[in-house]
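Colleague: My structure file entry-v2.txt, compact mmCIF, C-alpha atoms, is below:
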# COMPACT_ATOMS: atom_id res chain seq x y z
CA MET A 1 0.00 0.00 0.00
CA THR A 2 2.85 2.68 -0.86
CA LEU A 3 3.41 5.38 -3.47
CA ALA A 4 6.56 7.17 -4.72
CA GLY A 5 9.03 4.34 -5.03
CA HIS A 6 7.82 2.74 -8.24
CA SER A 7 9.35 5.22 -10.65
CA HIS A 8 12.59 6.53 -9.22
CA SER A 9 16.03 5.17 -10.07
CA ALA A 10 18.27 3.46 -7.56
CA ASP A 11 20.82 6.29 -7.58
CA ALA A 12 18.51 9.28 -7.35
CA PRO A 13 14.96 8.79 -6.08
CA HIS A 14 12.49 10.95 -7.92
CA HIS A 15 9.98 12.76 -5.75
CA GLY A 16 7.04 13.14 -8.14
CA GLY A 17 4.48 14.96 -6.03
CA CYS A 18 3.65 13.65 -2.55
CA PHE A 19 4.60 10.31 -1.08
CA VAL A 20 1.35 8.83 0.26
CA ASN A 21 0.96 5.69 2.31
CA PHE A 22 -1.62 4.01 4.54
CA ASN A 23 -0.45 2.21 7.66
CA GLN A 24 -0.85 -1.53 8.14
CA ASP A 25 -4.51 -1.49 9.21
CA CYS A 26 -5.66 1.59 7.26
CA THR A 27 -6.36 3.69 10.36
CA SER A 28 -3.72 6.27 9.51
CA LEU A 29 -2.28 8.08 6.50
CA ALA A 30 1.32 9.32 6.08
CA VAL A 31 2.25 12.03 3.58
CA GLY A 32 5.82 12.92 2.61
CA CYS A 33 6.41 16.33 1.06
CA GLY A 34 9.04 18.96 0.34
CA SER A 35 9.07 20.35 3.86
CA GLY A 36 8.85 17.13 5.86
CA TYR A 37 5.96 14.78 6.53
CA ARG A 38 2.46 14.73 7.98
CA LEU A 39 0.43 12.05 9.74
CA PHE A 40 -3.35 11.85 9.65
CA SER A 41 -5.88 9.76 11.53
CA LEU A 42 -9.02 8.46 9.85
CA GLY A 43 -11.99 9.22 12.05
CA PRO A 44 -15.72 8.57 12.19
CA ASP A 45 -18.06 10.24 9.69
CA ASP A 46 -15.31 9.96 7.07
CA GLY A 47 -13.28 12.66 8.77
CA LEU A 48 -9.52 13.14 8.60
CA GLU A 49 -7.54 14.66 11.45
CA GLU A 50 -3.93 15.81 11.26
CA ILE A 51 -2.11 14.43 14.30
CA TYR A 52 1.46 15.42 13.47
CA ALA A 53 3.36 17.63 11.05
CA LYS A 54 7.10 17.97 10.60
CA ASN A 55 7.56 21.61 9.66
CA GLY A 56 10.61 23.07 7.95
CA GLY A 57 12.21 19.68 7.48
CA GLU A 58 13.85 17.95 4.56
CA ASP A 59 12.17 16.68 1.40
CA THR A 60 10.78 13.33 2.55
CA TYR A 61 10.17 10.55 0.03
CA LEU A 62 9.51 7.61 2.37
CA VAL A 63 7.44 7.60 5.57
CA GLU A 64 6.26 4.38 7.22
CA ARG A 65 4.31 4.31 10.48
CA LEU A 66 3.99 1.24 12.70
CA PHE A 67 0.25 0.73 13.06
CA SER A 68 -1.01 3.49 15.42
CA SER A 69 2.10 3.71 17.56
CA SER A 70 4.50 6.67 17.73
CA LEU A 71 7.18 4.87 15.71
CA VAL A 72 7.88 6.12 12.18
CA ALA A 73 10.66 5.33 9.69
CA VAL A 74 11.73 8.23 7.48
CA VAL A 75 14.02 8.64 4.44
CA THR A 76 14.81 12.01 2.84
CA LEU A 77 16.08 13.07 -0.58
CA SER A 78 19.06 14.82 1.00
CA ALA A 79 20.22 11.54 2.58
CA PRO A 80 18.67 8.73 0.49
CA ARG A 81 20.93 6.06 1.99
CA LYS A 82 20.06 6.87 5.60
CA LEU A 83 17.06 5.50 7.49
CA LYS A 84 15.85 7.53 10.47
CA VAL A 85 13.71 5.83 13.10
CA CYS A 86 11.73 8.45 15.03
CA HIS A 87 9.41 8.82 18.01
CA PHE A 88 7.10 11.45 16.53
CA ASN A 89 5.06 11.91 19.71
CA ARG A 90 8.21 13.32 21.36
CA GLY A 91 9.63 14.84 18.20
CA THR A 92 12.79 12.80 18.63
CA GLU A 93 15.08 10.66 16.51
CA ILE A 94 15.74 7.28 18.12
CA CYS A 95 18.47 6.08 15.79
CA ASN A 96 19.63 6.12 12.20
CA TYR A 97 21.27 3.58 9.92
CA SER A 98 23.20 4.06 6.68
CA TYR A 99 23.24 1.58 3.81
CA SER A 100 25.45 0.97 0.79
CA ASN A 101 22.90 2.24 -1.71
CA THR A 102 19.70 4.25 -2.02
CA ILE A 103 16.80 3.09 0.14
CA LEU A 104 13.91 2.31 -2.18
CA ALA A 105 11.33 0.99 0.29
CA VAL A 106 10.80 0.43 4.01
CA LYS A 107 8.22 -1.98 5.44
CA LEU A 108 7.16 -2.49 9.07
CA ASN A 109 5.18 -4.86 11.23
CA ARG A 110 5.24 -5.61 14.95
CA SER A 111 8.26 -7.89 14.64
CA ARG A 112 10.32 -6.78 11.66
CA LEU A 113 11.54 -3.71 9.80
CA ILE A 114 12.59 -4.31 6.18
CA VAL A 115 14.88 -2.02 4.18
CA CYS A 116 14.88 -2.62 0.43
CA LEU A 117 17.80 -1.60 -1.80
CA GLU A 118 18.04 -2.31 -5.52
CA GLU A 119 19.86 -5.63 -5.10
CA SER A 120 19.50 -6.47 -1.40
CA LEU A 121 17.06 -6.55 1.51
CA TYR A 122 17.90 -5.98 5.18
CA ILE A 123 15.75 -7.61 7.87
CA HIS A 124 15.86 -5.83 11.24
CA ASN A 125 14.39 -6.84 14.57
CA ILE A 126 12.08 -3.92 15.25
CA ARG A 127 12.58 -4.21 19.02
CA ASP A 128 16.25 -3.18 18.93
CA MET A 129 16.92 -2.57 15.18
CA LYS A 130 19.61 -5.25 15.00
CA VAL A 131 20.14 -6.68 11.52
CA LEU A 132 18.99 -10.30 11.71
CA HIS A 133 19.54 -11.24 8.08
CA THR A 134 20.54 -9.78 4.74
CA ILE A 135 19.23 -11.10 1.43
CA ARG A 136 21.99 -10.23 -1.03
CA ASP A 137 22.28 -10.36 -4.81
CA THR A 138 18.57 -10.21 -5.47
CA PRO A 139 17.52 -9.64 -9.10
CA PRO A 140 17.70 -5.91 -9.97
CA ASN A 141 14.71 -4.24 -8.37
CA PRO A 142 15.01 -0.52 -9.23
CA SER A 143 11.47 0.28 -8.09
CA GLY A 144 11.99 -1.23 -4.64
CA LEU A 145 9.03 -3.56 -5.06
CA CYS A 146 8.41 -5.68 -1.97
CA SER A 147 5.68 -6.45 0.56
CA LEU A 148 5.71 -7.47 4.22
CA SER A 149 2.69 -9.15 5.79
CA ALA A 150 1.23 -7.33 8.77
CA SER A 151 0.85 -10.57 10.70
CA THR A 152 3.55 -11.71 13.13
CA ASP A 153 2.25 -15.29 13.04
CA ASP A 154 2.73 -15.57 9.28
CA CYS A 155 5.42 -12.93 8.90
CA PHE A 156 6.38 -13.21 5.23
CA LEU A 157 8.38 -10.97 2.95
CA ALA A 158 7.70 -10.99 -0.80
CA TYR A 159 9.95 -9.58 -3.52
CA PRO A 160 10.64 -10.21 -7.24
CA GLY A 161 12.52 -13.43 -7.91
CA SER A 162 13.37 -12.34 -11.45
CA SER A 163 13.75 -9.11 -13.38
CA SER A 164 12.53 -10.65 -16.65
CA ILE A 165 9.46 -12.66 -15.62
CA GLY A 166 6.90 -12.36 -12.84
CA GLU A 167 8.32 -14.65 -10.17
CA VAL A 168 7.44 -13.91 -6.54
CA GLN A 169 9.94 -14.99 -3.91
CA ILE A 170 8.37 -15.62 -0.48
CA PHE A 171 10.73 -15.39 2.50
CA ASP A 172 9.94 -16.32 6.11
CA ALA A 173 11.01 -13.19 8.01
CA ILE A 174 10.76 -14.85 11.43
CA HIS A 175 12.69 -18.07 10.82
CA LEU A 176 14.84 -16.36 8.18
CA HIS A 177 14.68 -18.78 5.28
CA ALA A 178 13.17 -18.88 1.78
CA LYS A 179 9.70 -20.38 1.80
CA THR A 180 8.52 -20.72 -1.79
CA MET A 181 8.70 -19.21 -5.25
CA ILE A 182 5.47 -18.45 -7.13
CA PRO A 183 5.52 -18.19 -10.95
CA ALA A 184 2.84 -15.50 -11.01
CA HIS A 185 3.13 -13.82 -14.44
CA ASP A 186 4.97 -14.03 -17.75
CA SER A 187 5.97 -10.35 -17.51
CA PRO A 188 7.96 -8.69 -14.68
CA LEU A 189 6.08 -7.82 -11.51
CA ALA A 190 4.62 -4.37 -10.94
CA ALA A 191 2.72 -4.76 -7.64
CA LEU A 192 2.52 -7.09 -4.64
CA ALA A 193 0.26 -7.12 -1.56
CA PHE A 194 -0.36 -9.58 1.29
CA ASN A 195 -3.71 -9.88 3.00
CA ASN A 196 -3.92 -9.05 6.70
CA SER A 197 -3.21 -12.59 7.90
CA GLY A 198 -0.35 -13.23 5.47
CA SER A 199 -2.11 -16.28 3.99
CA ARG A 200 -2.71 -14.79 0.53
CA ILE A 201 -0.82 -12.55 -1.85
CA ALA A 202 -2.14 -10.50 -4.77
CA THR A 203 0.09 -9.78 -7.77
CA ALA A 204 0.10 -7.75 -10.97
CA SER A 205 2.61 -7.60 -13.81
CA GLU A 206 3.94 -4.68 -15.83
CA LYS A 207 1.23 -5.33 -18.43
CA GLY A 208 -1.36 -4.56 -15.77
CA THR A 209 -4.22 -6.46 -17.37
CA VAL A 210 -4.52 -9.39 -14.94
CA ILE A 211 -4.64 -9.49 -11.13
CA ARG A 212 -3.92 -12.85 -9.49
CA VAL A 213 -4.30 -14.08 -5.92
CA PHE A 214 -2.22 -16.98 -4.57
CA ASN A 215 -2.11 -19.13 -1.46
CA VAL A 216 1.14 -18.24 0.30
CA ARG A 217 1.55 -21.67 1.88
CA ASP A 218 1.74 -23.72 -1.32
CA GLY A 219 1.75 -21.11 -4.10
CA ALA A 220 -1.57 -22.31 -5.54
CA ARG A 221 -3.47 -19.83 -7.70
CA LEU A 222 -6.81 -19.07 -6.03
CA TYR A 223 -8.28 -16.25 -8.11
CA GLU A 224 -7.65 -14.47 -11.37
CA PHE A 225 -9.24 -11.19 -12.38
CA ARG A 226 -9.04 -9.21 -15.59
CA ARG A 227 -8.62 -5.51 -15.01
CA GLY A 228 -9.24 -4.79 -18.68
CA VAL A 229 -8.71 -6.02 -22.24
CA LYS A 230 -8.31 -2.73 -24.08
CA ARG A 231 -4.88 -1.53 -22.95
CA CYS A 232 -1.89 -2.22 -20.78
CA VAL A 233 -1.51 0.04 -17.77
CA SER A 234 0.98 0.74 -15.00
CA ILE A 235 -0.35 -0.64 -11.71
CA SER A 236 0.62 1.61 -8.80
CA SER A 237 -1.20 -0.04 -5.90
CA LEU A 238 -2.77 -3.32 -4.80
CA ALA A 239 -4.49 -3.84 -1.44
CA PHE A 240 -6.70 -6.37 0.33
CA SER A 241 -9.53 -5.33 2.59
CA MET A 242 -8.98 -6.22 6.25
CA CYS A 243 -11.49 -9.07 5.90
CA SER A 244 -9.70 -10.40 2.76
CA THR A 245 -12.99 -10.39 0.84
CA TYR A 246 -11.96 -7.62 -1.57
CA VAL A 247 -8.88 -6.56 -3.52
CA CYS A 248 -8.55 -3.05 -4.91
CA CYS A 249 -6.22 -1.89 -7.64
CA SER A 250 -5.16 1.58 -8.83
CA SER A 251 -3.11 2.48 -11.90
CA ASN A 252 -2.10 5.38 -14.10
CA THR A 253 -5.63 5.48 -15.53
CA GLU A 254 -8.59 7.27 -13.97
CA THR A 255 -10.26 3.98 -12.93
CA VAL A 256 -9.78 2.16 -9.62
CA HIS A 257 -11.10 -1.41 -9.63
CA VAL A 258 -12.43 -3.54 -6.77
CA PHE A 259 -12.54 -7.33 -7.08
CA LYS A 260 -14.55 -9.60 -4.81
CA LEU A 261 -13.06 -12.92 -3.71
CA VAL A 262 -16.03 -15.26 -3.67
CA GLU A 263 -15.85 -18.99 -3.04
CA PRO A 264 -15.61 -21.13 -6.21
CA THR A 265 -19.02 -22.66 -5.51
CA LYS A 266 -20.70 -19.25 -5.54
CA GLU A 267 -21.63 -17.32 -8.63
CA MET A 268 -19.37 -14.38 -9.44
CA PRO A 269 -21.28 -11.09 -8.97
CA ARG A 270 -22.70 -9.81 -12.22
CA GLN A 271 -21.56 -6.51 -13.61
CA ALA A 272 -24.33 -5.06 -15.73
CA SER A 273 -22.06 -2.97 -17.92
CA GLU A 274 -20.14 -6.07 -18.99
CA ASP A 275 -22.30 -9.16 -18.59
CA SER A 276 -25.22 -7.70 -20.49
CA GLY A 277 -23.00 -6.58 -23.35
CA TRP A 278 -20.71 -8.24 -25.84
CA MET A 279 -18.33 -9.50 -23.13
CA GLY A 280 -21.15 -11.35 -21.40
CA TYR A 281 -22.35 -12.82 -24.67
CA LEU A 282 -18.86 -13.98 -25.64
CA SER A 283 -18.21 -15.39 -22.16
CA LYS A 284 -21.26 -17.61 -22.47
CA ALA A 285 -20.27 -18.62 -25.99
CA VAL A 286 -16.74 -19.46 -24.92
CA SER A 287 -17.95 -21.53 -21.97
CA VAL A 288 -19.90 -23.70 -24.40
CA GLY A 289 -17.07 -24.16 -26.88
CA ALA A 290 -14.10 -23.98 -24.50
CA ASN A 291 -12.74 -27.34 -25.63
CA TYR A 292 -12.36 -26.08 -29.19
CA LEU A 293 -10.53 -22.79 -28.50
CA PRO A 294 -6.90 -22.02 -27.61
CA ALA A 295 -6.16 -21.75 -23.87
CA GLN A 296 -5.21 -18.07 -24.20
CA VAL A 297 -8.68 -17.25 -25.54
CA THR A 298 -10.60 -19.18 -22.89
CA ASP A 299 -8.45 -17.64 -20.13
CA VAL A 300 -9.55 -14.13 -21.11
CA PHE A 301 -13.24 -14.96 -20.76
CA SER A 302 -12.98 -17.21 -17.69
CA GLN A 303 -11.33 -14.52 -15.56
CA GLY A 304 -13.39 -12.65 -12.98
CA ARG A 305 -14.47 -9.10 -13.68
CA ALA A 306 -14.41 -6.03 -11.45
CA PHE A 307 -17.06 -6.10 -8.73
CA ALA A 308 -16.96 -2.33 -8.26
CA SER A 309 -15.06 0.68 -9.56
CA VAL A 310 -14.53 4.42 -9.23
CA HIS A 311 -13.53 7.03 -11.79
CA LEU A 312 -11.08 9.61 -10.50
CA PRO A 313 -11.27 13.20 -11.77
CA VAL A 314 -7.88 12.89 -13.52
CA SER A 315 -5.72 10.20 -15.09
CA GLY A 316 -1.95 9.82 -15.21
CA VAL A 317 -1.51 10.56 -11.49
CA LYS A 318 -0.16 7.82 -9.24
CA SER A 319 -2.32 6.80 -6.32
CA VAL A 320 -2.58 4.27 -3.53
CA CYS A 321 -5.84 2.59 -2.59
CA ALA A 322 -7.22 0.76 0.43
CA ILE A 323 -10.48 -0.73 1.63
CA THR A 324 -11.50 -0.23 5.24
CA THR A 325 -14.55 0.09 7.45
CA ILE A 326 -15.47 3.51 8.87
CA SER A 327 -18.41 3.69 11.26
CA LYS A 328 -19.41 0.17 10.18
CA GLN A 329 -19.56 1.21 6.51
CA LEU A 330 -17.27 -0.14 3.78
CA ARG A 331 -15.09 2.57 2.29
CA LEU A 332 -12.71 2.64 -0.65
CA LEU A 333 -9.88 5.09 0.02
CA VAL A 334 -7.76 6.55 -2.78
CA ALA A 335 -4.88 8.90 -1.99
CA SER A 336 -3.18 10.58 -4.94
CA ALA A 337 0.32 11.99 -5.43
CA GLU A 338 -1.37 15.34 -6.04
CA GLY A 339 -2.24 15.40 -2.37
CA ILE A 340 -5.93 14.50 -2.31
CA LEU A 341 -7.64 11.74 -0.36
CA TYR A 342 -10.90 10.50 -1.92
CA ILE A 343 -13.34 8.48 0.21
CA TYR A 344 -15.91 6.37 -1.68
CA ALA A 345 -18.81 4.26 -0.42
CA LEU A 346 -18.46 0.58 -1.37
CA ASP A 347 -21.64 -1.49 -1.64
CA GLY A 348 -20.61 -4.94 -0.41
CA VAL A 349 -23.68 -6.62 -1.94
CA ASP A 350 -24.23 -5.08 -5.35
CA GLY A 351 -20.88 -3.41 -6.09
CA GLY A 352 -21.09 -1.15 -9.12
CA VAL A 353 -19.83 2.41 -9.41
CA CYS A 354 -18.89 3.75 -5.97
CA PRO A 355 -20.19 7.22 -5.09
CA LEU A 356 -17.80 9.83 -3.69
CA VAL A 357 -18.56 10.51 -0.03
CA LYS A 358 -15.86 13.03 0.84
CA GLN A 359 -12.47 14.31 -0.22
CA HIS A 360 -9.66 15.88 1.80
CA CYS A 361 -6.61 17.93 0.86
CA ILE A 362 -3.50 16.32 2.36
CA ALA A 363 -0.82 18.33 0.55
CA GLY A 364 0.39 21.91 0.77
CA THR A 365 2.12 23.57 3.66
CA PRO A 366 1.70 21.48 6.81
CA ALA A 367 -0.53 22.98 9.43
CA ALA A 368 0.68 23.51 12.98
CA ALA A 369 1.66 20.17 14.45
CA THR A 370 -0.24 18.63 17.32
CA VAL A 371 3.15 17.68 18.68
CA ALA A 372 5.89 20.14 17.72
CA ALA A 373 9.03 18.62 16.20
CA GLN A 374 12.45 20.11 16.81
CA PRO A 375 15.11 20.48 14.10
CA PRO A 376 17.55 17.54 13.95
CA ASN A 377 20.42 19.62 15.35
CA SER A 378 18.43 21.20 18.17
CA THR A 379 20.25 21.43 21.49
CA THR A 380 17.11 22.23 23.45
CA SER A 381 16.92 20.30 26.68
CA GLY A 382 14.00 18.14 27.71
CA LYS A 383 11.89 16.07 25.34
CA GLY A 384 12.25 18.61 22.54
CA GLY A 385 15.92 17.66 22.19
CA ASN A 386 17.65 15.63 19.52
CA THR A 387 16.56 12.34 21.03
CA TYR A 388 14.93 11.49 24.30
CA ALA A 389 17.90 9.57 25.63
CA GLY A 390 20.28 12.15 24.18
CA ALA A 391 18.42 14.95 25.93
CA LEU A 392 18.65 13.14 29.24
CA ARG A 393 22.34 12.40 28.90
CA GLY A 394 23.46 15.26 26.69
CA ARG A 395 24.73 12.82 24.06
CA ASP A 396 24.69 12.57 20.30
CA PRO A 397 22.16 9.98 19.03
CA ASN A 398 24.92 8.22 17.11
CA LEU A 399 26.70 7.56 20.42
CA MET A 400 23.71 6.08 22.19
CA SER A 401 24.22 2.65 23.71
CA GLU A 402 22.19 -0.35 22.60
CA SER A 403 20.20 -0.25 25.84
CA GLU A 404 19.34 3.42 25.25
CA LYS A 405 18.15 2.66 21.72
CA PHE A 406 16.11 -0.23 23.06
CA HIS A 407 14.52 2.09 25.62
CA GLU A 408 13.58 4.57 22.92
CA MET A 409 12.17 1.89 20.59
CA THR A 410 10.13 0.42 23.43
CA SER A 411 8.82 3.87 24.33
CA ALA A 412 7.83 4.60 20.72
CA VAL A 413 5.84 1.44 20.19
CA GLU A 414 4.24 1.43 23.64
CA SER A 415 3.77 5.15 24.35
CA PRO A 416 0.20 6.45 24.76
CA PRO A 417 -0.88 8.15 21.53
CA PRO A 418 -1.59 11.86 21.35
CA ALA A 419 -5.13 13.16 20.96
CA GLY A 420 -6.63 12.25 17.63
CA PHE A 421 -5.91 8.53 17.56
CA LYS A 422 -8.87 6.23 17.29
CA PHE A 423 -8.06 2.58 17.86
CA ASP A 424 -8.19 -0.25 20.39
CA ASP A 425 -5.06 -0.14 22.53
CA ASP A 426 -4.76 -3.91 22.91
CA LYS A 427 -4.49 -4.40 19.16
CA GLU A 428 -2.09 -1.66 18.15
CA PHE A 429 1.11 -2.19 20.10
CA PRO A 430 3.70 -4.88 19.38
CA PRO A 431 4.62 -7.21 22.26
CA VAL A 432 7.87 -5.51 23.25
CA SER A 433 9.40 -6.83 26.45
CA GLN A 434 11.55 -4.84 28.85
CA SER A 435 13.96 -7.67 29.52
CA GLY A 436 17.23 -8.14 27.72
As a first step, turn the structure in this file into structure tokens.

Modeller:
Amino acid sequence: MTLAGHSHSADAPHHGGCFVNFNQDCTSLAVGCGSGYRLFSLGPDDGLEEIYAKNGGEDTYLVERLFSSSLVAVVTLSAPRKLKVCHFNRGTEICNYSYSNTILAVKLNRSRLIVCLEESLYIHNIRDMKVLHTIRDTPPNPSGLCSLSASTDDCFLAYPGSSSIGEVQIFDAIHLHAKTMIPAHDSPLAALAFNNSGSRIATASEKGTVIRVFNVRDGARLYEFRRGVKRCVSISSLAFSMCSTYVCCSSNTETVHVFKLVEPTKEMPRQASEDSGWMGYLSKAVSVGANYLPAQVTDVFSQGRAFASVHLPVSGVKSVCAITTISKQLRLLVASAEGILYIYALDGVDGGVCPLVKQHCIAGTPAAATVAAQPPNSTTSGKGGNTYAGALRGRDPNLMSESEKFHEMTSAVESPPPAGFKFDDDKEFPPVSQSG
């Protein structure tokens, strides 16, 4: 579920508009911009509340927040090889790590932090940021394409296993070994997304015409959907709903598609605009004469169609999409690189064209922060200092001991959230222990 990382080169990330990203359970939205980054909380009645803004900072092209905790990972254009791990509630930097090449993607869950470079992946223990494993010499991955499941029970990392065909490599990020390789597409991969439990993975290739869903355990293909037959597109985002019943897909076109994962024994929902037209007629004809037609032809007409869709006001703008529930109503969220969040109502029974419920501006000059952040070189004492531990001891963050870093990490993931958060406490914090 990330944007701004699918088009830049490995040597010089391109910041095309805003970086926009939903957190792991779609309760929060992070926006990277020229002056820093902003964090928003999705509230009832389709509202959006700014809970933090980094003012006067550096041009930020990656921001990843750990669920609804105070822990964020940040990468800036001025230092594209350096990862900063911050406690935004205190406005402090916990630690930073430098890598041999440009950081193209960062992924988080309650156990692991993944840093993706063009030809390697670093797996950190999120409790103390120690590097547990490095996957080296991966196929060239200039877009930083990878996905980490939100689950800590099935904590899997997915990344391209080839730069010429659409192979998905699944890696067990807890036991630190390769799990399986899925031959997903004939063309190179363009998008990957795990469902919430880590049991399924959705994929799309650079052609962008077919979306497939696989069982992570054995690599079996479970579903196949055709996004369209008229043209190839560039897929920018794939995401499962929290219940794993829907998959949404955004691209460089003005259309965002929603697919419904129904059981094989149930009839696929009918889409009036397609089934009643020539596609529906041909589908029925092909089903009758399937044994007499080439496999490529029957595949086109046996694939599932979009259950629902929306038409954005503009095309050619990258966006990320997500499906969540707000006030017990299904919502399709689309955040664009132009800095606009669109909220659509999704009919879980009939599908169809989703009506726009509300839109929010998430770009521009950040408003006053709920929690003020201090400049990185600030020498102010107290919790407005460079880091919390550094402020207490008067020390540079790079000289902090491992125990001090551990204290800061624990504080970030377990600290009470500032006003504006809306979540259940028991579900949002990783099980970080104080022992060690």

Colleague: Interatomic distance between atom CA of Gly161 of chain A and atom CA of Leu104 of chain A?

Modeller: 16.8 Å

Colleague: Might you pull out every residue within 6 Å of Tyr61 of chain A, with all atoms listed in the file counted and same-chain residues fewer than 3 positions away left off, and present them as a list in words?

Modeller: Phe19, Gly32 and Thr76 of chain A

Colleague: So the first atom is atom CA of Ile323 of chain A and the second is atom CA of Ser147 of chain A; what is the distance between them in Å, to one decimal place?

Modeller: 17.2 Å

Colleague: For the point (-22.1, -2.3, -2.5) in the file's frame, write as a ChimeraX atom specification all residues with an atom no more than 12 Å away, counting all atoms listed in the file.

Modeller: /A:246,258-260,269,271,307-309,329-332,344-355

Colleague: Nearest residue to Ile343 of chain A out of A:Glu263, A:Asp46, A:Glu408, A:Asp25, using all atoms listed in the file?

Modeller: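 Answer, going by the shortest atom-to-atom distance: A:Asp46.
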
Colleague: For the atom pair atom CA of Thr134 of chain A and atom CA of Val115 of chain A, what is the interatomic distance in Å to one decimal place?

Modeller: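 The value is 9.6 Å.
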
Colleague: Find the residues around Ser149 of chain A up to 6 Å (all atoms listed in the file counted), leave out those fewer than 2 positions away in its own chain, and share them as a compact mmCIF listing (two decimals) with C-alpha atoms, in the coordinates of the input.

Modeller:
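out.txt written:
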# COMPACT_ATOMS: atom_id res chain seq x y z
CA SER A 151 0.85 -10.57 10.70
CA CYS A 155 5.42 -12.93 8.90
CA PHE A 156 6.38 -13.21 5.23
CA PHE A 194 -0.36 -9.58 1.29
CA GLY A 198 -0.35 -13.23 5.47

Colleague: With only C-alpha atoms as the basis for distance, which of A:Val75, A:Leu148, A:Ile165, A:Ala204 is at the shortest distance from Ser111 of chain A?

Modeller: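 So, comparing all the options, the nearest one is A:Leu148.
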
Colleague: Name the residues in contact with segment 232-241 of chain A at a cut-off of 9 Å, using only C-alpha atoms, excluding same-chain residues fewer than 5 positions from it; report them as a PyMOL selection string.

Modeller: chain A and resi 1-3+6+190-196+201-209+246-253+318-325

Colleague: Between A:Gly219, A:Asp137, A:Val131, A:Met409, which one has atoms that come closest to Val85 of chain A, using all atoms listed in the file?

Modeller: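 Counting all atoms listed in the file, the residue closest to Val85 of chain A is A:Met409.
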
Colleague: Leaving out Glu224 of chain A and any residue of its chain fewer than 3 positions from it, which residues lie within 6 Å of it when counting only C-alpha atoms, given as an NGL selection string?

Modeller: :A and (211-212 or 303)

Colleague: Rank nothing, just name the residue among A:Ile114, A:Ile170, A:Cys33, A:Val413 nearest to Leu77 of chain A, using all atoms listed in the file.

Modeller: A:Cys33

Colleague: Which is closest to Gly47 of chain A among A:Leu71, A:Ile326, A:Leu108, A:Met129, if we use all atoms listed in the file?

Modeller: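 Of A:Leu71, A:Ile326, A:Leu108, A:Met129, the one nearest Gly47 of chain A, counting all atoms listed in the file, is A:Ile326.
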
Colleague: As a list in words, please: the residues near Phe171 of chain A (cut-off 8 Å, only C-alpha atoms, same-chain neighbours under 2 positions excluded).

Modeller: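 So the residues in contact are Phe156, Leu157, Ala158, Gln169, Ala173, Leu176, His177, Ala178, Lys179 and Thr180 of chain A.
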